[in-house]
file my_file_20.txt (compact mmCIF, C-alpha atoms)
# COMPACT_ATOMS: atom_id res chain seq x y z
CA MET A 1 25.41 -20.56 -58.62
CA ASN A 2 23.60 -20.77 -55.28
CA TYR A 3 20.14 -19.27 -55.47
CA SER A 4 18.51 -17.78 -52.39
CA LYS A 5 15.64 -19.58 -50.72
CA LEU A 6 14.38 -16.37 -49.07
CA PRO A 7 10.80 -15.30 -49.86
CA PRO A 8 10.10 -12.53 -52.40
CA GLU A 9 9.14 -10.09 -49.63
CA ASP A 10 12.80 -10.11 -48.47
CA MET A 11 14.10 -8.66 -51.75
CA ILE A 12 16.09 -5.44 -51.47
CA PHE A 13 15.65 -2.86 -54.24
CA GLU A 14 18.42 -0.45 -55.14
CA ILE A 15 19.87 1.47 -58.06
CA ALA A 16 22.11 -0.73 -60.19
CA THR A 17 25.69 0.36 -60.81
CA VAL A 18 28.22 -0.35 -63.53
CA GLU A 19 29.63 -3.11 -61.29
CA ASP A 20 26.28 -4.90 -61.74
CA ALA A 21 26.26 -4.74 -65.57
CA GLU A 22 27.61 -8.24 -66.20
CA ASP A 23 25.24 -9.86 -63.69
CA LEU A 24 22.26 -7.90 -65.04
CA SER A 25 23.12 -9.00 -68.57
CA ALA A 26 23.37 -12.62 -67.43
CA VAL A 27 19.91 -12.41 -65.80
CA ALA A 28 18.43 -10.96 -69.01
CA VAL A 29 20.02 -13.64 -71.20
CA ARG A 30 19.02 -16.54 -68.91
CA SER A 31 15.47 -15.21 -68.67
CA LYS A 32 15.11 -14.81 -72.44
CA ARG A 33 16.71 -18.21 -73.12
CA HIS A 34 14.27 -19.82 -70.67
CA TRP A 35 11.54 -19.51 -73.31
CA GLY A 36 13.31 -21.87 -75.71
CA TYR A 37 14.56 -19.43 -78.33
CA SER A 38 17.13 -20.74 -80.79
CA LYS A 39 20.79 -19.82 -80.64
CA GLU A 40 20.27 -17.69 -83.76
CA ALA A 41 17.39 -15.80 -82.17
CA MET A 42 19.39 -15.21 -78.99
CA GLU A 43 22.25 -13.79 -81.08
CA LEU A 44 19.79 -11.33 -82.66
CA TRP A 45 18.91 -10.03 -79.18
CA ASN A 46 22.39 -10.07 -77.71
CA GLN A 47 22.84 -6.32 -78.04
CA ASN A 48 19.46 -5.59 -76.42
CA LEU A 49 20.14 -8.00 -73.56
CA THR A 50 23.61 -6.64 -72.78
CA ILE A 51 23.55 -4.00 -70.07
CA THR A 52 26.34 -1.47 -70.61
CA GLU A 53 27.65 1.54 -68.73
CA ASP A 54 25.98 3.77 -71.34
CA PHE A 55 22.65 1.99 -70.76
CA LEU A 56 22.99 2.41 -67.00
CA ASN A 57 23.79 6.11 -67.44
CA SER A 58 20.76 6.74 -69.67
CA HIS A 59 18.16 4.69 -67.77
CA THR A 60 16.93 4.30 -64.22
CA VAL A 61 17.88 0.70 -63.47
CA ILE A 62 16.68 -0.87 -60.23
CA LYS A 63 17.92 -4.29 -59.18
CA ALA A 64 16.19 -6.69 -56.80
CA THR A 65 18.56 -8.73 -54.65
CA LEU A 66 18.46 -11.50 -52.09
CA GLU A 67 21.62 -12.33 -50.16
CA ASP A 68 23.67 -10.20 -52.60
CA GLU A 69 22.41 -12.16 -55.63
CA ILE A 70 20.44 -10.35 -58.34
CA VAL A 71 16.96 -11.87 -58.57
CA GLY A 72 15.71 -9.45 -61.23
CA PHE A 73 15.75 -5.88 -62.45
CA PHE A 74 13.86 -3.28 -64.38
CA ALA A 75 15.02 -0.31 -66.42
CA LEU A 76 13.05 2.84 -67.11
CA GLU A 77 13.52 5.50 -69.72
CA GLU A 78 12.98 9.14 -68.77
CA ILE A 79 10.42 9.45 -65.97
CA GLN A 80 7.34 11.32 -67.24
CA PRO A 81 3.53 10.82 -67.08
CA VAL A 82 3.85 7.97 -69.60
CA THR A 83 7.14 6.16 -68.99
CA ARG A 84 8.65 3.32 -71.01
CA ILE A 85 9.90 0.18 -69.30
CA ALA A 86 12.98 -0.70 -71.34
CA GLN A 87 13.81 -3.94 -69.50
CA TYR A 88 11.99 -6.15 -66.99
CA TRP A 89 13.59 -9.47 -66.05
CA ILE A 90 13.35 -12.08 -63.30
CA ASP A 91 16.04 -14.75 -63.16
CA THR A 92 14.79 -18.20 -64.09
CA PRO A 93 14.91 -19.88 -60.63
CA TYR A 94 12.57 -17.17 -59.33
CA MET A 95 9.98 -17.27 -62.12
CA ARG A 96 6.38 -18.15 -61.23
CA LYS A 97 7.08 -17.96 -57.49
CA GLY A 98 5.89 -14.44 -56.71
CA TYR A 99 9.20 -12.60 -57.15
CA GLY A 100 8.08 -10.89 -60.37
CA THR A 101 4.88 -9.68 -58.72
CA VAL A 102 6.72 -8.29 -55.70
CA MET A 103 9.15 -6.52 -58.05
CA TYR A 104 6.23 -5.18 -60.11
CA ASN A 105 4.54 -3.87 -56.94
CA TYR A 106 7.77 -2.08 -56.04
CA LEU A 107 7.96 -0.66 -59.58
CA ARG A 108 4.33 0.51 -59.42
CA ASP A 109 4.90 2.26 -56.08
CA TYR A 110 8.14 3.80 -57.38
CA LEU A 111 6.27 5.20 -60.39
CA LYS A 112 3.29 6.43 -58.36
CA LYS A 113 5.65 8.51 -56.19
CA ARG A 114 6.90 10.14 -59.40
CA ASN A 115 3.39 10.88 -60.72
CA VAL A 116 3.62 8.39 -63.58
CA GLU A 117 0.16 7.53 -64.92
CA LYS A 118 1.00 4.75 -67.38
CA VAL A 119 3.90 2.68 -68.58
CA THR A 120 4.53 1.24 -72.01
CA LEU A 121 6.72 -1.69 -72.92
CA VAL A 122 7.43 -4.12 -75.72
CA LEU A 123 6.61 -7.73 -74.87
CA ASP A 124 7.04 -11.03 -76.57
CA PRO A 125 4.10 -13.41 -76.14
CA ASN A 126 5.79 -15.12 -73.16
CA GLY A 127 5.45 -12.00 -71.01
CA MET A 128 1.91 -11.12 -71.99
CA SER A 129 -0.03 -13.03 -69.33
CA PHE A 130 2.03 -11.54 -66.48
CA PHE A 131 1.43 -7.97 -67.66
CA GLU A 132 -2.20 -8.61 -68.64
CA ARG A 133 -2.82 -9.48 -64.98
CA LYS A 134 -1.43 -6.01 -64.21
CA GLY A 135 -3.92 -4.40 -66.61
CA ALA A 136 -1.88 -4.29 -69.83
CA LYS A 137 -3.70 -3.38 -73.03
CA ILE A 138 -2.20 -4.08 -76.44
CA LEU A 139 -1.54 -0.90 -78.42
CA GLU A 140 0.14 -2.51 -81.41
CA ARG A 141 1.42 -5.82 -82.74
CA ILE A 142 4.76 -5.60 -84.52
CA GLU A 143 6.82 -8.09 -86.47
CA HIS A 144 9.53 -9.82 -84.48
CA LYS A 145 13.18 -10.19 -85.55
CA VAL A 146 12.51 -13.93 -85.50
CA LYS A 147 10.59 -14.97 -88.59
CA ASN A 148 6.83 -15.59 -88.12
CA LYS A 149 6.84 -14.18 -84.56
CA PHE A 150 5.33 -10.99 -83.20
CA LEU A 151 5.93 -8.56 -80.35
CA TYR A 152 3.34 -6.42 -78.61
CA ILE A 153 3.55 -2.81 -77.57
CA VAL A 154 1.42 -2.57 -74.45
CA GLU A 155 0.30 0.10 -72.04
CA VAL A 156 -0.22 -0.57 -68.34
CA PRO A 157 -1.96 1.86 -65.97
CA VAL A 158 -0.08 2.75 -62.79
CA ASN A 159 -2.78 2.58 -60.14

call {"tool": "encode", "arguments": {"input": "my_file_20.txt", "output": "structure tokens"}}
result
Amino acid sequence: MNYSKLPPEDMIFEIATVEDAEDLSAVAVRSKRHWGYSKEAMELWNQNLTITEDFLNSHTVIKATLEDEIVGFFALEEIQPVTRIAQYWIDTPYMRKGYGTVMYNYLRDYLKKRNVEKVTLVLDPNGMSFFERKGAKILERIEHKVKNKFLYIVEVPVN
């Protein structure tokens, strides 16, 4: 796969379609695998990482692209004053290079226009520092599907 060398500011954001489902799923799987999870752990998450037509029909899914390649995406449940982010992924070649921040800024502006005050999401420890820099506060720590690991339910202000 050839990855774009364009800067994050050149990303195009648009609603994902069913034709994107396979590529979105691949981004989610690569991004999760990047953190060194075992094959067994990845199999536990396979259903959650697979983007289906039903998922696309029941969520607002926005993809970020460069040169027709999906760099990342986010998925939102029903838009209301407190909205849940169901998925938030940046493909591995674009991690820690500003693409996630540009996508988050787009997400924040998108939510502001819809009068969303806060978002909630479930994070594994690998995503905590990114969202803490955005103002995330831990609401709850829950047991992970992987033994001796935890997930965090966090809330992030949209401001």

call {"tool": "residues_around", "arguments": {"input": "my_file_20.txt", "residues": "Tyr88 in chain A", "least_positions_apart": "6", "cutoff": "12 Å", "atoms": "only C-alpha atoms", "output": "PyMOL selection string"}}
result
chain A and resi 24-25+27-29+31-32+49+60-64+71-76+100-101+103-104+107+120-124+127+130-131

call {"tool": "write_last_selection", "arguments": {"input": "my_file_20.txt", "atoms": "C-alpha atoms", "output": "PDB file, keeping the file's coordinate frame"}}
result
ATOM      1  CA  LEU A  24      22.260  -7.900 -65.040  1.00  0.00           C
ATOM      2  CA  SER A  25      23.120  -9.000 -68.570  1.00  0.00           C
ATOM      3  CA  VAL A  27      19.910 -12.410 -65.800  1.00  0.00           C
ATOM      4  CA  ALA A  28      18.430 -10.960 -69.010  1.00  0.00           C
ATOM      5  CA  VAL A  29      20.020 -13.640 -71.200  1.00  0.00           C
ATOM      6  CA  SER A  31      15.470 -15.210 -68.670  1.00  0.00           C
ATOM      7  CA  LYS A  32      15.110 -14.810 -72.440  1.00  0.00           C
ATOM      8  CA  LEU A  49      20.140  -8.000 -73.560  1.00  0.00           C
ATOM      9  CA  THR A  60      16.930   4.300 -64.220  1.00  0.00           C
ATOM     10  CA  VAL A  61      17.880   0.700 -63.470  1.00  0.00           C
ATOM     11  CA  ILE A  62      16.680  -0.870 -60.230  1.00  0.00           C
ATOM     12  CA  LYS A  63      17.920  -4.290 -59.180  1.00  0.00           C
ATOM     13  CA  ALA A  64      16.190  -6.690 -56.800  1.00  0.00           C
ATOM     14  CA  VAL A  71      16.960 -11.870 -58.570  1.00  0.00           C
ATOM     15  CA  GLY A  72      15.710  -9.450 -61.230  1.00  0.00           C
ATOM     16  CA  PHE A  73      15.750  -5.880 -62.450  1.00  0.00           C
ATOM     17  CA  PHE A  74      13.860  -3.280 -64.380  1.00  0.00           C
ATOM     18  CA  ALA A  75      15.020  -0.310 -66.420  1.00  0.00           C
ATOM     19  CA  LEU A  76      13.050   2.840 -67.110  1.00  0.00           C
ATOM     20  CA  GLY A 100       8.080 -10.890 -60.370  1.00  0.00           C
ATOM     21  CA  THR A 101       4.880  -9.680 -58.720  1.00  0.00           C
ATOM     22  CA  MET A 103       9.150  -6.520 -58.050  1.00  0.00           C
ATOM     23  CA  TYR A 104       6.230  -5.180 -60.110  1.00  0.00           C
ATOM     24  CA  LEU A 107       7.960  -0.660 -59.580  1.00  0.00           C
ATOM     25  CA  THR A 120       4.530   1.240 -72.010  1.00  0.00           C
ATOM     26  CA  LEU A 121       6.720  -1.690 -72.920  1.00  0.00           C
ATOM     27  CA  VAL A 122       7.430  -4.120 -75.720  1.00  0.00           C
ATOM     28  CA  LEU A 123       6.610  -7.730 -74.870  1.00  0.00           C
ATOM     29  CA  ASP A 124       7.040 -11.030 -76.570  1.00  0.00           C
ATOM     30  CA  GLY A 127       5.450 -12.000 -71.010  1.00  0.00           C
ATOM     31  CA  PHE A 130       2.030 -11.540 -66.480  1.00  0.00           C
ATOM     32  CA  PHE A 131       1.430  -7.970 -67.660  1.00  0.00           C
TER      33      PHE A 131
END

call {"tool": "atom_distance", "arguments": {"input": "my_file_20.txt", "atom1": "CA of Met11 in chain A", "atom2": "CA of Asp23 in chain A"}}
result
16.4 Å

call {"tool": "residues_near_point", "arguments": {"input": "my_file_20.txt", "point": "(12.5, -17.4, -89.3)", "cutoff": "12 Å", "atoms": "only C-alpha atoms", "output": "JSON, numbers by chain"}}
result
{"A": [37, 38, 40, 41, 44, 143, 144, 145, 146, 147, 148, 149, 150]}

call {"tool": "atom_distance", "arguments": {"input": "my_file_20.txt", "atom1": "CA of Lys137 in chain A", "atom2": "CA of Glu155 in chain A"}}
result
5.4 Å

call {"tool": "residues_near_point", "arguments": {"input": "my_file_20.txt", "point": "(23.4, -11.3, -51.1)", "cutoff": "10 Å", "atoms": "only C-alpha atoms", "output": "short mmCIF file (atom, residue, chain, number, x, y, z; two decimals) with C-alpha atoms, in the coordinates of the input"}}
result
data_model
loop_
_atom_site.label_atom_id
_atom_site.label_comp_id
_atom_site.auth_asym_id
_atom_site.auth_seq_id
_atom_site.Cartn_x
_atom_site.Cartn_y
_atom_site.Cartn_z
CA TYR A 3 20.14 -19.27 -55.47
CA SER A 4 18.51 -17.78 -52.39
CA MET A 11 14.10 -8.66 -51.75
CA ILE A 12 16.09 -5.44 -51.47
CA THR A 65 18.56 -8.73 -54.65
CA LEU A 66 18.46 -11.50 -52.09
CA GLU A 67 21.62 -12.33 -50.16
CA ASP A 68 23.67 -10.20 -52.60
CA GLU A 69 22.41 -12.16 -55.63
CA ILE A 70 20.44 -10.35 -58.34
CA VAL A 71 16.96 -11.87 -58.57
#

call {"tool": "closest_residue", "arguments": {"input": "my_file_20.txt", "among": "A:Asp10, A:Glu117, A:Glu132, A:Glu19", "to": "Ile79 in chain A", "atoms": "only C-alpha atoms"}}
result
A:Glu117

call {"tool": "closest_residue", "arguments": {"input": "my_file_20.txt", "among": "A:Asn126, A:Gly135, A:Trp89, A:Glu53", "to": "Tyr152 in chain A", "atoms": "all atoms listed in the file"}}
result
A:Asn126

call {"tool": "closest_residue", "arguments": {"input": "my_file_20.txt", "among": "A:Val102, A:Leu56, A:Leu111, A:Ile138", "to": "Val158 in chain A", "atoms": "all atoms listed in the file"}}
result
A:Leu111

call {"tool": "closest_residue", "arguments": {"input": "my_file_20.txt", "among": "A:His59, A:Arg84, A:Arg30, A:Arg141", "to": "Asn46 in chain A", "atoms": "all atoms listed in the file"}}
result
A:Arg30

call {"tool": "residues_around", "arguments": {"input": "my_file_20.txt", "residues": "Arg108 in chain A", "least_positions_apart": "6", "cutoff": "10 Å", "atoms": "only C-alpha atoms", "output": "short mmCIF file (atom, residue, chain, number, x, y, z; two decimals) with C-alpha atoms, keeping the file's coordinate frame"}}
result
data_model
loop_
_atom_site.label_atom_id
_atom_site.label_comp_id
_atom_site.auth_asym_id
_atom_site.auth_seq_id
_atom_site.Cartn_x
_atom_site.Cartn_y
_atom_site.Cartn_z
CA VAL A 102 6.72 -8.29 -55.70
CA ARG A 114 6.90 10.14 -59.40
CA VAL A 116 3.62 8.39 -63.58
CA GLU A 117 0.16 7.53 -64.92
CA LYS A 118 1.00 4.75 -67.38
CA VAL A 119 3.90 2.68 -68.58
CA LYS A 134 -1.43 -6.01 -64.21
CA PRO A 157 -1.96 1.86 -65.97
CA VAL A 158 -0.08 2.75 -62.79
CA ASN A 159 -2.78 2.58 -60.14
#
